[in-house]
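Asker: Here it is: the structure, laid out below.
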Amino acid sequence: MSLMVAALFFHQLNRLWEYGFSGVGHHYAPVFGVRLPRRSATAGQLLALPLALLIALAVPSFVGRTIVVALISFWMLATHMRLSDHCWLGAVTVAAIAFTPARLHPLVAQDLLVGLYLTAALLKVNDEYLFSERSAGRVVTAHYFRLVGLPDFPRIQKAVPVVVIAAELVTGLLVCVSGSESWALWLAILMHLAFGVSGNFPFSVVALVLWVTMLSPSGQIAVTGIPKELLGAAIFVGLLALAGGRTAAGRRSASWLFKDFYQGAAYGVLCAMAVLSPADVVAAADGGGLLVHALIGVAFCVNFLLVVAGVKLEWSFAMFTSLRPFGRSWLERHQMRDGPRYYALTLPPRIPRSLLGEVDPVFVYLATRDENVVHEGVVYHLEAVARRHNVTFAPQVMRIGSEGRALVPAAPSQPAPRRRFLDYPAVIPKSLDRRYLA
């Protein structure tokens, strides 16, 4: 549990490293619909995770584990704009491990890995991801090629979506087969290294913590290797991350270079811990293990069905699947009954400086651009802030157009935005012909 809490803290450090502290305390787009006072949001965003890690290490009792879960929940409640899939996965892992016997922890980790890989693979089996020029697989690959100065390689870009789906699907299936864990581990290490170097080491770190847990006998983290092997892996992968990492802003600063190396080093240590683990296979499940398999299996099936039914898209392991609100793939042809409304916002003629103290000016710019629309859960809180400053963003509710390729203004009657979970993205393009990565 401590290792997963540390992985979540790793994610938070990465966010602060990239975006700084200027947005700390902002909570005008609460993920779970409850807007916290600025001080509470700041405490949740800055203090909850380090305190949870300290308690996880110092107080391993049931009471300590319960406090850790409560602190993780508080951190999620204070999360702003979006709760990443890997953060949701990490939080679920902490809660599951906190209240199950240690002998079942490898089975919990195994089932979560199987569910993660198979869900991610199946949700990518859609026209937009496989065949469209807007495919997240193609777009991310082309963007990375440009950053490192490589040619476009159109054939490689077209093949990437199929390769990613195959890698995730094969990894998930191999994890299920006793005796194939080593093959699955090496495939996962290479796959997550590619994800990490291209910009998502926090996800890779969370995934490798699950691998370490799965391959740890009796749920206890144990490594047979000596420290120099861990150090060697840290240096090697850190240098790979340093060589392959890039930033869209151009030349990397010294701080960014150090971040790339440190993230790669952390990932390398976890890879070495998993490879050097004394457990080559996961122990067979007893009665408690069968119950774990059943509960986690049902949870992932329900998660998948909720996506197909249009109930949610966030916290669904649908990142980079090219699924989007109002999409038209086989996974999205449902009618979003009582689904979230999206609104077009207009920049007020006058914006009080005090309002920009509560709302990030960059977000105001993005939310009021003509090509974007905003989730009603954000509009609900944004308008409440605007009214306190005697202005309005004049929200205009949108609907999908008759041609099904863009959102257009709805009928003159304007339903008010509702307080909602951000179960769908906070801001999306108005046109379905514009690329959308999440």
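Every chain in the structure tokens has a letter given in the order shown (A, B, ...), and although residue numbers restart at 1 in each chain, ligands are simply numbered from 1 in the order shown.
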Would you mind listing what lies within 7 Å of region 12-25 of chain A as an mmCIF file with N, CA, C and O atoms, in the first residue's frame, with only C-alpha atoms counted and same-chain residues fewer than 4 positions away left out?

Answerer:
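Dumped to selection_32.cif:
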```cif
data_model
loop_
_atom_site.group_PDB
_atom_site.id
_atom_site.type_symbol
_atom_site.label_atom_id
_atom_site.label_comp_id
_atom_site.auth_asym_id
_atom_site.auth_seq_id
_atom_site.Cartn_x
_atom_site.Cartn_y
_atom_site.Cartn_z
ATOM 1 N N LEU A 8 1.218 7.656 -6.224
ATOM 2 C CA LEU A 8 0.289 8.785 -6.362
ATOM 3 C C LEU A 8 0.990 10.099 -6.015
ATOM 4 O O LEU A 8 0.756 11.128 -6.661
ATOM 5 N N ARG A 38 -10.999 27.512 -0.662
ATOM 6 C CA ARG A 38 -9.642 27.529 -1.199
ATOM 7 C C ARG A 38 -8.626 26.878 -0.261
ATOM 8 O O ARG A 38 -7.752 26.123 -0.687
ATOM 9 N N ARG A 39 -8.759 27.158 1.041
ATOM 10 C CA ARG A 39 -7.799 26.572 1.977
ATOM 11 C C ARG A 39 -7.924 25.060 2.028
ATOM 12 O O ARG A 39 -6.917 24.336 2.091
ATOM 13 N N ALA A 41 -9.101 23.119 -0.387
ATOM 14 C CA ALA A 41 -8.597 22.587 -1.654
ATOM 15 C C ALA A 41 -7.074 22.579 -1.675
ATOM 16 O O ALA A 41 -6.452 21.616 -2.136
ATOM 17 N N THR A 42 -6.461 23.631 -1.150
ATOM 18 C CA THR A 42 -4.998 23.691 -1.095
ATOM 19 C C THR A 42 -4.445 22.576 -0.219
ATOM 20 O O THR A 42 -3.463 21.908 -0.580
ATOM 21 N N GLN A 45 -4.764 19.292 -2.040
ATOM 22 C CA GLN A 45 -3.863 19.144 -3.177
ATOM 23 C C GLN A 45 -2.400 19.038 -2.770
ATOM 24 O O GLN A 45 -1.600 18.400 -3.466
ATOM 25 N N ASP A 360 -8.410 30.475 -13.227
ATOM 26 C CA ASP A 360 -7.180 30.587 -14.001
ATOM 27 C C ASP A 360 -7.453 31.315 -15.323
ATOM 28 O O ASP A 360 -8.328 30.904 -16.091
#
```

Asker: Determine, counting only C-alpha atoms, which protein, DNA and RNA residues have an atom within 10 Å of an atom of region 355-359 of chain A; residues of the same chain fewer than 6 positions away are not included. Present the result as a ChimeraX atom specification.

Answerer: /A:23,25-29,38,382,385-391

Asker: Please produce a file of those selected residues containing N, CA, C and O atoms, as a PDB file, in the first residue's frame.

Answerer:
```pdb
ATOM      1  N   GLY A  23      -1.724  27.316  -9.759  1.00  0.00           N
ATOM      2  CA  GLY A  23      -3.097  26.822  -9.784  1.00  0.00           C
ATOM      3  C   GLY A  23      -3.526  26.106  -8.520  1.00  0.00           C
ATOM      4  O   GLY A  23      -4.670  25.655  -8.423  1.00  0.00           O
ATOM      5  N   GLY A  25      -5.055  25.372  -5.126  1.00  0.00           N
ATOM      6  CA  GLY A  25      -6.187  25.996  -4.437  1.00  0.00           C
ATOM      7  C   GLY A  25      -7.352  26.298  -5.349  1.00  0.00           C
ATOM      8  O   GLY A  25      -8.475  26.517  -4.873  1.00  0.00           O
ATOM      9  N   HIS A  26      -7.142  26.324  -6.672  1.00  0.00           N
ATOM     10  CA  HIS A  26      -8.263  26.509  -7.595  1.00  0.00           C
ATOM     11  C   HIS A  26      -9.181  25.295  -7.511  1.00  0.00           C
ATOM     12  O   HIS A  26      -8.722  24.152  -7.502  1.00  0.00           O
ATOM     13  N   HIS A  27     -10.476  25.552  -7.492  1.00  0.00           N
ATOM     14  CA  HIS A  27     -11.424  24.450  -7.403  1.00  0.00           C
ATOM     15  C   HIS A  27     -12.751  24.837  -8.048  1.00  0.00           C
ATOM     16  O   HIS A  27     -13.819  24.445  -7.589  1.00  0.00           O
ATOM     17  N   TYR A  28     -12.672  25.591  -9.151  1.00  0.00           N
ATOM     18  CA  TYR A  28     -13.882  26.004  -9.857  1.00  0.00           C
ATOM     19  C   TYR A  28     -14.389  24.894 -10.778  1.00  0.00           C
ATOM     20  O   TYR A  28     -15.465  25.028 -11.372  1.00  0.00           O
ATOM     21  N   ALA A  29     -13.619  23.806 -10.909  1.00  0.00           N
ATOM     22  CA  ALA A  29     -14.072  22.661 -11.698  1.00  0.00           C
ATOM     23  C   ALA A  29     -13.843  21.383 -10.896  1.00  0.00           C
ATOM     24  O   ALA A  29     -13.040  20.531 -11.262  1.00  0.00           O
ATOM     25  N   ARG A  38     -10.999  27.512  -0.662  1.00  0.00           N
ATOM     26  CA  ARG A  38      -9.642  27.529  -1.199  1.00  0.00           C
ATOM     27  C   ARG A  38      -8.626  26.878  -0.261  1.00  0.00           C
ATOM     28  O   ARG A  38      -7.752  26.123  -0.687  1.00  0.00           O
ATOM     29  N   LEU A 382     -18.563  27.830 -12.458  1.00  0.00           N
ATOM     30  CA  LEU A 382     -17.963  29.005 -13.083  1.00  0.00           C
ATOM     31  C   LEU A 382     -18.932  30.178 -13.075  1.00  0.00           C
ATOM     32  O   LEU A 382     -18.549  31.326 -12.789  1.00  0.00           O
ATOM     33  N   VAL A 385     -19.181  31.723  -9.619  1.00  0.00           N
ATOM     34  CA  VAL A 385     -18.064  32.642  -9.370  1.00  0.00           C
ATOM     35  C   VAL A 385     -18.299  33.958 -10.116  1.00  0.00           C
ATOM     36  O   VAL A 385     -18.111  35.053  -9.558  1.00  0.00           O
ATOM     37  N   ALA A 386     -18.716  33.856 -11.390  1.00  0.00           N
ATOM     38  CA  ALA A 386     -18.917  35.068 -12.201  1.00  0.00           C
ATOM     39  C   ALA A 386     -19.993  35.962 -11.601  1.00  0.00           C
ATOM     40  O   ALA A 386     -19.840  37.193 -11.553  1.00  0.00           O
ATOM     41  N   ARG A 387     -21.086  35.372 -11.104  1.00  0.00           N
ATOM     42  CA  ARG A 387     -22.170  36.186 -10.539  1.00  0.00           C
ATOM     43  C   ARG A 387     -21.705  36.941  -9.294  1.00  0.00           C
ATOM     44  O   ARG A 387     -22.168  38.070  -9.045  1.00  0.00           O
ATOM     45  N   ARG A 388     -20.825  36.349  -8.539  1.00  0.00           N
ATOM     46  CA  ARG A 388     -20.306  37.052  -7.360  1.00  0.00           C
ATOM     47  C   ARG A 388     -19.520  38.293  -7.754  1.00  0.00           C
ATOM     48  O   ARG A 388     -19.357  39.217  -6.964  1.00  0.00           O
ATOM     49  N   HIS A 389     -19.048  38.310  -8.989  1.00  0.00           N
ATOM     50  CA  HIS A 389     -18.280  39.461  -9.474  1.00  0.00           C
ATOM     51  C   HIS A 389     -19.085  40.292 -10.480  1.00  0.00           C
ATOM     52  O   HIS A 389     -18.514  41.082 -11.247  1.00  0.00           O
ATOM     53  N   ASN A 390     -20.413  40.050 -10.502  1.00  0.00           N
ATOM     54  CA  ASN A 390     -21.346  40.839 -11.307  1.00  0.00           C
ATOM     55  C   ASN A 390     -21.088  40.751 -12.809  1.00  0.00           C
ATOM     56  O   ASN A 390     -21.262  41.732 -13.550  1.00  0.00           O
ATOM     57  N   VAL A 391     -20.669  39.588 -13.268  1.00  0.00           N
ATOM     58  CA  VAL A 391     -20.529  39.346 -14.709  1.00  0.00           C
ATOM     59  C   VAL A 391     -21.138  37.978 -15.003  1.00  0.00           C
ATOM     60  O   VAL A 391     -21.539  37.248 -14.105  1.00  0.00           O
TER      61      VAL A 391
END
```

Asker: Report as number ranges by chain: the residues of region 29-223 of chain A with a DSSP assignment of alpha helix (DSSP H), based on the backbone of this structure.

Answerer: A: 38-46, 48-58, 62-77, 85-98, 105-123, 127-131, 136-147, 154-176, 181-195, 201-214

Asker: Need to verify the contact set: Arg350 (chain A), 10 Å, only C-alpha atoms, exclusion of same-chain residues closer than 2 positions in sequence. Can you return it as a VMD selection string?

Answerer: chain A and resid 347 to 348 352 to 353 390 to 392

Asker: How far is it from CA of Pro325 (chain A) to CA of Met398 (chain A), in Å with one decimal?

Answerer: 12.2 Å

Asker: Show which residues sit within 10 Å of region 60-70 of chain A, as a PyMOL selection string. Count only C-alpha atoms, and ignore same-chain residues fewer than 5 positions away.

Answerer: chain A and resi 1-2+5+48-49+51-55+75-76+91-92+94-99

Asker: Please produce an output containing N, CA, C and O atoms for each residue in the selection, written as a short mmCIF file (atom, residue, chain, number, x, y, z; two decimals), in the first residue's frame.

Answerer:
```
data_model
loop_
_atom_site.label_atom_id
_atom_site.label_comp_id
_atom_site.auth_asym_id
_atom_site.auth_seq_id
_atom_site.Cartn_x
_atom_site.Cartn_y
_atom_site.Cartn_z
N MET A 1 0.82 -1.20 0.00
CA MET A 1 0.00 0.00 0.00
C MET A 1 0.86 1.26 0.00
O MET A 1 0.58 2.22 -0.71
N SER A 2 1.95 1.22 0.78
CA SER A 2 2.84 2.39 0.85
C SER A 2 3.42 2.72 -0.52
O SER A 2 3.56 3.89 -0.89
N VAL A 5 0.78 4.49 -2.61
CA VAL A 5 0.62 5.88 -2.14
C VAL A 5 1.79 6.71 -2.64
O VAL A 5 1.62 7.87 -3.07
N ALA A 48 -2.42 16.19 1.55
CA ALA A 48 -3.08 14.91 1.77
C ALA A 48 -2.18 13.73 1.41
O ALA A 48 -2.05 12.76 2.18
N LEU A 49 -1.52 13.78 0.25
CA LEU A 49 -0.72 12.64 -0.19
C LEU A 49 0.55 12.44 0.65
O LEU A 49 0.84 11.31 1.05
N LEU A 51 1.04 13.28 3.71
CA LEU A 51 0.60 12.81 5.02
C LEU A 51 0.14 11.36 4.95
O LEU A 51 0.44 10.55 5.85
N ALA A 52 -0.56 10.99 3.87
CA ALA A 52 -0.98 9.60 3.69
C ALA A 52 0.22 8.67 3.59
O ALA A 52 0.23 7.57 4.16
N LEU A 53 1.26 9.10 2.88
CA LEU A 53 2.46 8.28 2.75
C LEU A 53 3.15 8.10 4.10
O LEU A 53 3.59 7.00 4.45
N LEU A 54 3.23 9.18 4.85
CA LEU A 54 3.85 9.11 6.18
C LEU A 54 3.10 8.14 7.08
O LEU A 54 3.71 7.30 7.77
N ILE A 55 1.78 8.21 7.09
CA ILE A 55 0.98 7.32 7.94
C ILE A 55 1.06 5.88 7.45
O ILE A 55 1.14 4.94 8.25
N TRP A 75 -7.94 13.82 -1.07
CA TRP A 75 -7.14 14.31 -2.20
C TRP A 75 -7.95 14.27 -3.49
O TRP A 75 -7.92 15.21 -4.28
N MET A 76 -8.68 13.18 -3.71
CA MET A 76 -9.49 13.10 -4.92
C MET A 76 -10.61 14.13 -4.90
O MET A 76 -10.94 14.72 -5.94
N ALA A 91 -5.92 4.86 -6.47
CA ALA A 91 -6.80 5.02 -5.31
C ALA A 91 -7.59 3.74 -5.05
O ALA A 91 -7.74 3.32 -3.89
N VAL A 92 -8.09 3.11 -6.10
CA VAL A 92 -8.82 1.84 -5.94
C VAL A 92 -7.89 0.78 -5.37
O VAL A 92 -8.28 -0.02 -4.50
N VAL A 94 -5.22 1.22 -3.44
CA VAL A 94 -4.97 1.50 -2.02
C VAL A 94 -6.15 1.03 -1.18
O VAL A 94 -5.97 0.38 -0.13
N ALA A 95 -7.36 1.34 -1.61
CA ALA A 95 -8.54 0.94 -0.85
C ALA A 95 -8.68 -0.57 -0.78
O ALA A 95 -9.00 -1.14 0.28
N ALA A 96 -8.43 -1.25 -1.90
CA ALA A 96 -8.56 -2.72 -1.93
C ALA A 96 -7.51 -3.38 -1.04
O ALA A 96 -7.82 -4.32 -0.29
N ILE A 97 -6.28 -2.89 -1.10
CA ILE A 97 -5.20 -3.49 -0.31
C ILE A 97 -5.38 -3.18 1.17
O ILE A 97 -5.04 -3.99 2.03
N ALA A 98 -5.91 -2.02 1.48
CA ALA A 98 -6.07 -1.62 2.89
C ALA A 98 -6.99 -2.56 3.64
O ALA A 98 -6.81 -2.78 4.85
N PHE A 99 -7.98 -3.13 2.96
CA PHE A 99 -9.00 -3.90 3.66
C PHE A 99 -9.05 -5.37 3.24
O PHE A 99 -10.08 -6.03 3.37
#
```

Asker: Have a look at CA of His105 (chain A) and CA of Thr119 (chain A) and let me know their distance in Å, one decimal.

Answerer: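 According to the coordinates, CA of His105 (chain A) and CA of Thr119 (chain A) are separated by 20.9 Å.
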
Asker: Please provide as a PDB file with C-alpha atoms, in the first residue's frame all residues within 12 Å of Gln396 (chain A), with the sequence filter that same-chain residues fewer than 6 positions apart are discarded (counting only C-alpha atoms).

Answerer:
```pdb
ATOM      1  CA  ARG A 341     -24.959  19.054 -21.217  1.00  0.00           C
ATOM      2  CA  TYR A 342     -22.233  21.090 -22.841  1.00  0.00           C
ATOM      3  CA  TYR A 343     -22.354  24.876 -23.069  1.00  0.00           C
ATOM      4  CA  ALA A 344     -20.683  27.469 -25.252  1.00  0.00           C
ATOM      5  CA  LEU A 345     -19.380  30.359 -23.141  1.00  0.00           C
ATOM      6  CA  THR A 346     -18.838  33.982 -24.109  1.00  0.00           C
ATOM      7  CA  THR A 368     -14.560  30.919 -24.075  1.00  0.00           C
ATOM      8  CA  ASP A 370     -15.439  29.691 -30.171  1.00  0.00           C
ATOM      9  CA  ASN A 372     -14.724  24.766 -27.493  1.00  0.00           C
ATOM     10  CA  VAL A 373     -17.673  23.811 -25.295  1.00  0.00           C
ATOM     11  CA  VAL A 374     -17.663  23.235 -21.525  1.00  0.00           C
ATOM     12  CA  HIS A 375     -19.185  20.518 -19.313  1.00  0.00           C
ATOM     13  CA  GLU A 376     -22.164  21.758 -17.318  1.00  0.00           C
ATOM     14  CA  VAL A 379     -20.279  25.891 -15.969  1.00  0.00           C
ATOM     15  CA  LEU A 407     -22.377  20.773 -31.634  1.00  0.00           C
ATOM     16  CA  VAL A 408     -24.792  23.601 -32.448  1.00  0.00           C
ATOM     17  CA  PRO A 409     -26.936  25.896 -30.260  1.00  0.00           C
ATOM     18  CA  ALA A 410     -30.033  24.181 -28.874  1.00  0.00           C
ATOM     19  CA  ALA A 411     -33.598  25.539 -28.772  1.00  0.00           C
ATOM     20  CA  PRO A 412     -34.139  29.023 -27.294  1.00  0.00           C
ATOM     21  CA  SER A 413     -35.222  27.618 -23.918  1.00  0.00           C
ATOM     22  CA  GLN A 414     -32.063  27.484 -21.860  1.00  0.00           C
ATOM     23  CA  PRO A 415     -31.916  24.809 -19.131  1.00  0.00           C
ATOM     24  CA  ALA A 416     -29.678  25.867 -16.297  1.00  0.00           C
ATOM     25  CA  PRO A 417     -26.386  24.001 -15.857  1.00  0.00           C
TER      26      PRO A 417
END
```

Asker: Which residue gives the smallest distance to Leu130 (chain A) among A:Ala207, A:Phe320, A:Ala265, A:Lys259, with only C-alpha atoms counted?

Answerer: A:Phe320

Asker: Report as a Markdown table: every residue of region 114-229 of chain A with an atom at most 10 Å from region 288-302 of chain A, its closest pair of atoms, and their distance in Å to one decimal, counting only C-alpha atoms, with rows sorted by chain and ascending residue number.

Answerer:
```
| residue | atom | partner | partner_atom | distance |
| --- | --- | --- | --- | --- |
| A:Val114 | CA | A:Gly297 | CA | 9.0 |
| A:Gly115 | CA | A:Phe300 | CA | 6.0 |
| A:Leu116 | CA | A:Phe300 | CA | 8.3 |
| A:Leu118 | CA | A:Phe300 | CA | 9.4 |
| A:Thr119 | CA | A:Phe300 | CA | 7.6 |
```

Asker: Report as a list in words: the residues of region 134-376 of chain A with a DSSP assignment of strand (DSSP E or B), based on the backbone of this structure.

Answerer: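 Matching residues, listed in order: Thr247, Gly250, Tyr342, Tyr343, Ala344, Asn372, Val373, Val374 and His375 of chain A.
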
Asker: Fewer than 4 positions away in the same chain doesn't count, so skip those; otherwise give me all residues within 12 Å of region 83-87 of chain A, counting only C-alpha atoms, as number ranges by chain.

Answerer: A: 4-12, 15, 29-32, 49, 72-73, 75-79, 91-94, 112-113, 116, 119-120, 200-210, 313-320, 421-426, 438

Asker: Which value, in Å to one decimal, gives the distance between CA of Arg418 (chain A) and CA of Ala309 (chain A)?

Answerer: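 Between CA of Arg418 (chain A) and CA of Ala309 (chain A) the gap is 20.6 Å.
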
Asker: I need the residue nearest Tyr267 (chain A) from this list: A:Ala367, A:Val108, A:Leu305, A:Leu231. Use only C-alpha atoms for the distance.

Answerer: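 That would be A:Leu231, the residue with the smallest distance to Tyr267 (chain A).
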
Asker: Within 12 Å of Ala121 (chain A), counting only C-alpha atoms, which residues qualify if same-chain residues fewer than 4 places away don't, as a list in words?

Answerer: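 Those residues are Val114, Gly115, Leu116, Tyr117, Val125, Asn126, Tyr129, Leu130, Pro161, Val162, Val163, Val164, Ile165, Ala166, Ala167, Glu168, Leu169, Val170, Thr171, Gly172, Leu173, Phe304, Phe317, Ala318, Met319, Phe320 and Thr321 of chain A.
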